[in-house]
file run-v3.cif (mmCIF, C-alpha atoms and all ligand atoms)
data_structure
#
loop_
_atom_site.label_atom_id
_atom_site.label_comp_id
_atom_site.auth_asym_id
_atom_site.auth_seq_id
_atom_site.Cartn_x
_atom_site.Cartn_y
_atom_site.Cartn_z
CA MET A 18 -19.67 -4.80 -26.97
CA ARG A 19 -18.45 -5.14 -23.41
CA GLU A 20 -14.88 -4.80 -24.65
CA ILE A 21 -15.68 -1.57 -26.47
CA ALA A 22 -17.41 -0.24 -23.39
CA SER A 23 -14.45 -1.09 -21.18
CA GLU A 24 -12.07 0.47 -23.71
CA MET A 25 -14.09 3.68 -23.69
CA LEU A 26 -14.13 3.68 -19.92
CA GLY A 27 -10.38 3.20 -19.97
CA PHE A 28 -10.12 6.28 -22.15
CA LEU A 29 -12.31 8.38 -19.91
CA TYR A 30 -10.91 6.98 -16.67
CA PRO A 31 -7.46 5.60 -17.42
CA PRO A 32 -6.40 3.07 -14.78
CA ARG A 33 -4.25 4.38 -11.97
CA CYS A 34 -2.00 2.73 -9.44
CA PRO A 35 -4.17 2.20 -6.34
CA LEU A 36 -1.28 3.13 -4.07
CA CYS A 37 0.30 6.23 -5.63
CA ASP A 38 -2.31 7.21 -8.26
CA THR A 39 0.08 7.39 -11.24
CA LEU A 40 -1.27 6.16 -14.57
CA ILE A 41 -0.79 2.46 -15.26
CA LEU A 42 -1.56 0.23 -18.25
CA PRO A 43 -4.89 -1.59 -18.41
CA GLY A 44 -4.61 -4.91 -16.59
CA GLU A 45 -1.70 -3.82 -14.44
CA ARG A 46 -2.23 -4.22 -10.70
CA LEU A 47 0.23 -1.57 -9.46
CA CYS A 48 2.77 0.78 -11.04
CA ALA A 49 6.35 -0.44 -11.46
CA ASP A 50 7.42 1.56 -8.42
CA CYS A 51 4.82 0.15 -6.04
CA GLY A 52 4.71 -3.31 -7.61
CA GLY A 53 8.19 -4.22 -6.41
CA GLU A 54 7.14 -4.32 -2.77
CA SER A 55 4.79 -6.46 -0.79
CA TRP A 56 2.27 -4.22 0.90
CA THR A 57 0.17 -6.48 3.04
CA LEU A 58 0.72 -6.60 6.78
CA GLN A 59 3.68 -8.81 7.72
CA GLY A 60 5.15 -9.97 11.03
CA PRO A 61 3.57 -10.57 14.44
CA VAL A 62 0.08 -9.20 15.04
CA CYS A 63 -2.30 -9.02 18.00
CA MET A 64 -4.33 -12.24 18.15
CA ARG A 65 -7.50 -10.28 18.83
CA CYS A 66 -7.52 -7.10 16.74
CA GLY A 67 -4.78 -7.84 14.19
CA LYS A 68 -2.61 -4.80 14.93
CA PRO A 69 1.08 -5.17 14.10
CA MET A 70 3.19 -5.74 17.21
CA GLU A 71 6.83 -5.08 17.93
CA SER A 72 7.54 -8.69 18.89
CA GLY A 73 5.70 -11.99 18.84
CA ARG A 74 6.19 -12.49 22.59
CA GLU A 75 2.83 -11.09 23.65
CA GLU A 76 -0.41 -12.56 22.44
CA TYR A 77 -2.44 -9.34 22.66
CA CYS A 78 -1.66 -5.68 22.07
CA ARG A 79 -1.82 -3.23 25.00
CA ASP A 80 -5.28 -2.22 23.96
CA CYS A 81 -6.73 -5.73 23.79
CA ALA A 82 -4.93 -6.89 26.95
CA ARG A 83 -7.05 -4.52 29.00
CA LYS A 84 -10.40 -4.49 27.25
CA GLN A 85 -12.95 -6.88 25.82
CA HIS A 86 -14.14 -6.59 22.26
CA ALA A 87 -17.60 -7.51 21.04
CA TYR A 88 -16.11 -9.10 17.92
CA ARG A 89 -14.26 -12.40 18.10
CA GLN A 90 -11.21 -11.73 15.95
CA GLY A 91 -10.09 -9.04 13.55
CA LYS A 92 -7.61 -8.79 10.69
CA ALA A 93 -6.29 -5.97 8.53
CA VAL A 94 -4.87 -5.99 5.03
CA PHE A 95 -2.33 -3.14 5.35
CA ALA A 96 -0.48 -1.24 8.04
CA TYR A 97 -1.50 2.41 8.06
CA HIS A 98 1.68 3.96 6.66
CA ASP A 99 2.10 6.91 4.27
CA LYS A 100 1.32 5.41 0.88
CA VAL A 101 -1.60 3.40 2.21
CA ARG A 102 -2.91 6.41 4.12
CA GLN A 103 -2.91 8.55 0.98
CA SER A 104 -4.48 5.76 -1.05
CA MET A 105 -7.26 5.33 1.51
CA TYR A 106 -7.88 9.06 1.57
CA ARG A 107 -8.50 9.12 -2.19
CA PHE A 108 -10.63 5.97 -1.92
CA LYS A 109 -12.76 7.65 0.73
CA TYR A 110 -12.97 11.26 -0.43
CA ALA A 111 -11.85 11.49 -4.07
CA ASN A 112 -14.11 8.88 -5.65
CA ARG A 113 -11.33 6.38 -6.36
CA ARG A 114 -13.79 3.56 -5.82
CA GLU A 115 -11.91 1.35 -8.26
CA TYR A 116 -9.13 0.92 -5.67
CA ALA A 117 -11.48 -1.50 -3.90
CA GLY A 118 -10.57 -4.17 -6.45
CA PHE A 119 -6.92 -4.05 -5.39
CA TYR A 120 -7.73 -3.95 -1.66
CA ALA A 121 -10.15 -6.86 -1.99
CA GLY A 122 -7.74 -8.91 -4.11
CA GLU A 123 -5.03 -8.56 -1.46
CA ALA A 124 -7.56 -9.28 1.32
CA ALA A 125 -8.78 -12.44 -0.39
CA ARG A 126 -5.25 -13.68 -1.04
CA LYS A 127 -4.16 -13.10 2.55
CA TYR A 128 -7.33 -13.95 4.49
CA GLY A 129 -9.51 -16.08 2.19
CA GLY A 130 -8.51 -19.20 4.18
CA TRP A 131 -9.16 -17.55 7.53
CA ILE A 132 -12.59 -16.28 6.40
CA ALA A 133 -13.53 -19.79 5.24
CA ARG A 134 -12.33 -21.34 8.54
CA CYS A 135 -14.44 -18.84 10.49
CA GLY A 136 -17.50 -20.11 8.63
CA VAL A 137 -18.47 -16.62 7.51
CA GLU A 138 -21.93 -16.61 5.91
CA VAL A 139 -22.20 -12.98 4.91
CA ILE A 140 -20.15 -9.79 4.65
CA VAL A 141 -21.59 -6.68 6.31
CA PRO A 142 -20.06 -3.21 5.82
CA VAL A 143 -20.00 -0.71 8.69
CA PRO A 144 -22.89 1.58 7.71
CA MET A 145 -22.58 5.29 7.11
CA TYR A 146 -25.16 7.85 8.18
CA ALA A 147 -27.66 8.09 5.29
CA TRP A 148 -27.39 11.82 4.79
CA LYS A 149 -23.60 11.67 4.78
CA GLN A 150 -23.63 8.81 2.28
CA ARG A 151 -25.95 10.73 -0.04
CA ARG A 152 -23.62 13.70 0.09
CA ARG A 153 -20.49 11.64 -0.60
CA GLY A 154 -22.22 9.39 -3.08
CA TYR A 155 -21.01 6.10 -1.63
CA ASN A 156 -19.98 4.29 1.54
CA GLN A 157 -16.37 3.23 1.09
CA ALA A 158 -16.80 0.28 3.48
CA GLU A 159 -19.65 -1.02 1.32
CA VAL A 160 -17.64 -0.57 -1.90
CA PHE A 161 -14.88 -2.67 -0.31
CA ALA A 162 -17.40 -5.24 0.99
CA ARG A 163 -18.88 -5.72 -2.49
CA ALA A 164 -15.44 -6.15 -4.10
CA LEU A 165 -14.53 -8.69 -1.40
CA GLY A 166 -17.81 -10.52 -1.86
CA ARG A 167 -17.05 -10.88 -5.58
CA GLU A 168 -13.53 -12.15 -4.82
CA LEU A 169 -14.71 -14.74 -2.29
CA ASP A 170 -18.10 -15.52 -3.77
CA LEU A 171 -19.82 -14.52 -0.52
CA PRO A 172 -23.06 -12.54 -0.20
CA VAL A 173 -22.94 -8.94 1.01
CA ASP A 174 -25.77 -7.52 3.11
CA ALA A 175 -25.68 -3.77 3.64
CA GLY A 176 -29.26 -3.65 4.91
CA ILE A 177 -29.05 -5.43 8.28
CA VAL A 178 -27.90 -2.51 10.37
CA ARG A 179 -28.07 1.24 9.88
CA ARG A 180 -26.42 4.25 11.45
CA ILE A 181 -29.07 6.39 13.10
CA ARG A 182 -26.89 9.15 14.45
CA ASN A 183 -24.37 11.30 12.64
CA THR A 184 -21.56 10.95 15.16
CA VAL A 185 -18.80 13.55 15.45
CA PRO A 186 -15.49 12.54 13.85
CA GLN A 187 -13.67 10.08 16.11
CA LYS A 188 -10.19 11.42 15.37
CA GLU A 189 -10.13 13.98 18.17
CA LEU A 190 -11.65 11.70 20.80
CA ASN A 191 -10.04 9.35 23.29
CA ASP A 192 -11.22 5.76 23.69
CA ARG A 193 -13.84 6.48 26.37
CA GLN A 194 -15.24 9.44 24.43
CA ARG A 195 -15.36 7.31 21.29
CA ARG A 196 -17.48 4.71 23.01
CA LYS A 197 -19.83 7.33 24.34
CA ASN A 198 -19.98 8.97 20.92
CA LEU A 199 -21.07 5.67 19.36
CA LYS A 200 -23.58 4.64 22.00
CA ASN A 201 -26.90 3.96 20.29
CA ALA A 202 -25.48 5.07 16.95
CA PHE A 203 -26.47 1.82 15.21
CA GLN A 204 -29.79 0.03 14.95
CA LEU A 205 -31.02 -3.19 13.34
CA ASN A 206 -33.41 -2.82 10.42
CA LYS A 207 -35.21 -6.02 11.46
CA ASP A 208 -35.43 -7.45 14.97
CA VAL A 209 -33.76 -10.72 14.06
CA VAL A 210 -30.43 -11.21 12.31
CA LYS A 211 -30.67 -14.34 10.17
CA TYR A 212 -26.93 -15.07 10.13
CA SER A 213 -24.72 -16.59 12.84
CA GLN A 214 -21.21 -15.88 11.58
CA ILE A 215 -20.72 -12.42 10.12
CA LEU A 216 -17.66 -10.70 8.69
CA LEU A 217 -17.88 -7.00 9.43
CA VAL A 218 -15.74 -4.80 7.18
CA ASP A 219 -14.54 -1.23 7.44
CA ASP A 220 -11.82 0.93 5.93
CA ILE A 221 -9.69 1.87 8.95
CA TYR A 222 -9.32 0.26 12.37
CA THR A 223 -8.10 2.53 15.17
CA THR A 224 -9.40 1.56 18.62
CA GLY A 225 -12.10 -0.80 17.43
CA SER A 226 -14.89 1.23 19.03
CA THR A 227 -16.81 1.46 15.75
CA VAL A 228 -16.67 -2.24 14.87
CA ASP A 229 -17.45 -3.07 18.51
CA ALA A 230 -20.57 -0.90 18.43
CA VAL A 231 -21.81 -2.51 15.20
CA ALA A 232 -20.86 -5.99 16.46
CA GLU A 233 -22.88 -5.44 19.66
CA THR A 234 -25.87 -4.44 17.58
CA LEU A 235 -25.58 -7.57 15.40
CA LEU A 236 -25.17 -9.81 18.47
CA SER A 237 -28.29 -8.28 20.02
CA GLY A 238 -30.23 -9.57 17.00
CA GLY A 239 -29.03 -13.15 17.45
CA ALA A 240 -25.77 -13.39 15.50
CA THR A 241 -23.28 -15.55 17.41
CA HIS A 242 -19.81 -14.67 16.11
CA ILE A 243 -18.66 -11.42 14.54
CA TYR A 244 -15.28 -11.26 12.81
CA CYS A 245 -13.89 -8.11 11.34
CA LEU A 246 -11.64 -7.20 8.46
CA CYS A 247 -10.41 -3.69 7.85
CA ILE A 248 -8.40 -2.41 4.93
CA SER A 249 -5.80 -0.78 7.17
CA ILE A 250 -4.82 -0.62 10.81
CA GLY A 251 -2.52 1.39 13.10
CA ALA A 252 0.30 -0.11 15.18
CA GLY A 253 -0.51 -1.87 18.44
CA PHE A 254 2.43 -0.75 20.59
ZN ZN B 1 2.26 3.21 -7.56
ZN ZN B 2 -5.18 -5.89 19.80
#
call {"tool": "encode", "arguments": {"input": "run-v3.cif", "output": "structure tokens"}}
result
Amino acid sequence: MREIASEMLGFLYPPRCPLCDTLILPGERLCADCGGESWTLQGPVCMRCGKPMESGREEYCRDCARKQHAYRQGKAVFAYHDKVRQSMYRFKYANRREYAGFYAGEAARKYGGWIARCGVEVIVPVPMYAWKQRRRGYNQAEVFARALGRELDLPVDAGIVRRIRNTVPQKELNDRQRRKNLKNAFQLNKDVVKYSQILLVDDIYTTGSTVDAVAETLLSGGATHIYCLCISIGAGF
């Protein structure tokens, strides 16, 4: 029965390459074009935020060398280059939720060991403002969190923290404005957070102001260490 259902779904929604959106065969991970390359982030990265760096000489990127983050350490699955950018756009705005399976598979392969070493107890997605989520139909960070939870057999809790303000898009703002924009944007649903080590996940990492704001909120409820994992990240130089 399940097979018939999945075959019908395949007919209605034929599988597509999560990177370039061309049709692929059922069971294929990527199209032949995209499958020949390795897409996950390679080379030296910032020890704090996980941004790719030009050389391995410095420990921290320019950004992290001059400011503190509320989270302990962050990683990203992909660098934010063209194909990934377009893929993430469709994942976020064009209902390509199924891409999460590919992102989470790559994340688990690359960072499953790190997540276990950090002692992560639960995965928490960066929340979206309720009204915005109703309009879009889903929170892409939560879709990714759930796929990752299935890959790693870890619980996902999307109900610890909520976004109480619909902040203006961060794209046009500088770092200081971003922080101001996010001040008091998140709130705990209960006074006490029952987890110590939390993996916070989001789709894109830029300056870290969003994950920092959520991490601060979680720490205020008693969590001790917040780690973060984003699907993609910009360069750190
Ligand atoms: Zn492709
Ligand atoms: Zn950094």
call {"tool": "closest_residue", "arguments": {"input": "run-v3.cif", "among": "A:Asp174, A:Gly225, A:Asn201, A:Cys247", "to": "ligand ZN 2 (chain B)", "atoms": "only C-alpha atoms and all ligand atoms"}}
result
A:Gly225
call {"tool": "residues_around", "arguments": {"input": "run-v3.cif", "residues": "Thr234 (chain A)", "least_positions_apart": "5", "cutoff": "8 Å", "atoms": "all atoms listed in the file", "output": "PyMOL selection string"}}
result
chain A and resi 178+203-205
call {"tool": "closest_atom_pairs", "arguments": {"input": "run-v3.cif", "of": "chain A", "to": "ligand ZN 1 (chain B)", "cutoff": "8 Å", "atoms": "only C-alpha atoms and all ligand atoms", "output": "Markdown table"}}
result
| residue | atom | partner | partner_atom | distance |
| --- | --- | --- | --- | --- |
| A:Arg33 | CA | B:ZN1 | ZN | 7.9 |
| A:Cys34 | CA | B:ZN1 | ZN | 4.7 |
| A:Pro35 | CA | B:ZN1 | ZN | 6.6 |
| A:Leu36 | CA | B:ZN1 | ZN | 5.0 |
| A:Cys37 | CA | B:ZN1 | ZN | 4.1 |
| A:Asp38 | CA | B:ZN1 | ZN | 6.1 |
| A:Thr39 | CA | B:ZN1 | ZN | 6.0 |
| A:Leu47 | CA | B:ZN1 | ZN | 5.5 |
| A:Cys48 | CA | B:ZN1 | ZN | 4.3 |
| A:Ala49 | CA | B:ZN1 | ZN | 6.7 |
| A:Asp50 | CA | B:ZN1 | ZN | 5.5 |
| A:Cys51 | CA | B:ZN1 | ZN | 4.3 |
| A:Gly52 | CA | B:ZN1 | ZN | 7.0 |
call {"tool": "closest_residue", "arguments": {"input": "run-v3.cif", "among": "A:Thr224, A:Ser249, A:Thr57, A:Ser213", "to": "Leu236 (chain A)", "atoms": "all atoms listed in the file"}}
result
A:Ser213
call {"tool": "atom_distance", "arguments": {"input": "run-v3.cif", "atom1": "CA of Val210 (chain A)", "atom2": "CA of Leu171 (chain A)"}}
result
17.0 Å
call {"tool": "residues_around", "arguments": {"input": "run-v3.cif", "residues": "region 115-118 of chain A", "least_positions_apart": "3", "cutoff": "10 Å", "atoms": "only C-alpha atoms", "output": "list in words"}}
result
Pro32, Arg33, Cys34, Pro35, Leu36, Asp38, Arg46, Ser104, Met105, Arg107, Phe108, Lys109, Asn112, Ala121, Gly122, Glu123, Ala124, Gln157, Ala158, Glu159, Val160, Phe161, Ala162, Arg163, Ala164, Leu165, Arg167, Glu168 and Ile248 of chain A
call {"tool": "residues_around", "arguments": {"input": "run-v3.cif", "residues": "Thr184 (chain A)", "least_positions_apart": "6", "cutoff": "12 Å", "atoms": "all atoms listed in the file", "output": "mmCIF file with C-alpha atoms, in the coordinates of the input"}}
result
data_model
loop_
_atom_site.group_PDB
_atom_site.id
_atom_site.type_symbol
_atom_site.label_atom_id
_atom_site.label_comp_id
_atom_site.auth_asym_id
_atom_site.auth_seq_id
_atom_site.Cartn_x
_atom_site.Cartn_y
_atom_site.Cartn_z
ATOM 1 C CA MET A 145 -22.580 5.290 7.110
ATOM 2 C CA TYR A 146 -25.160 7.850 8.180
ATOM 3 C CA ALA A 147 -27.660 8.090 5.290
ATOM 4 C CA TRP A 148 -27.390 11.820 4.790
ATOM 5 C CA LYS A 149 -23.600 11.670 4.780
ATOM 6 C CA LEU A 190 -11.650 11.700 20.800
ATOM 7 C CA GLN A 194 -15.240 9.440 24.430
ATOM 8 C CA ARG A 195 -15.360 7.310 21.290
ATOM 9 C CA ARG A 196 -17.480 4.710 23.010
ATOM 10 C CA LYS A 197 -19.830 7.330 24.340
ATOM 11 C CA ASN A 198 -19.980 8.970 20.920
ATOM 12 C CA LEU A 199 -21.070 5.670 19.360
ATOM 13 C CA LYS A 200 -23.580 4.640 22.000
ATOM 14 C CA ASN A 201 -26.900 3.960 20.290
ATOM 15 C CA ALA A 202 -25.480 5.070 16.950
ATOM 16 C CA PHE A 203 -26.470 1.820 15.210
ATOM 17 C CA THR A 227 -16.810 1.460 15.750
#
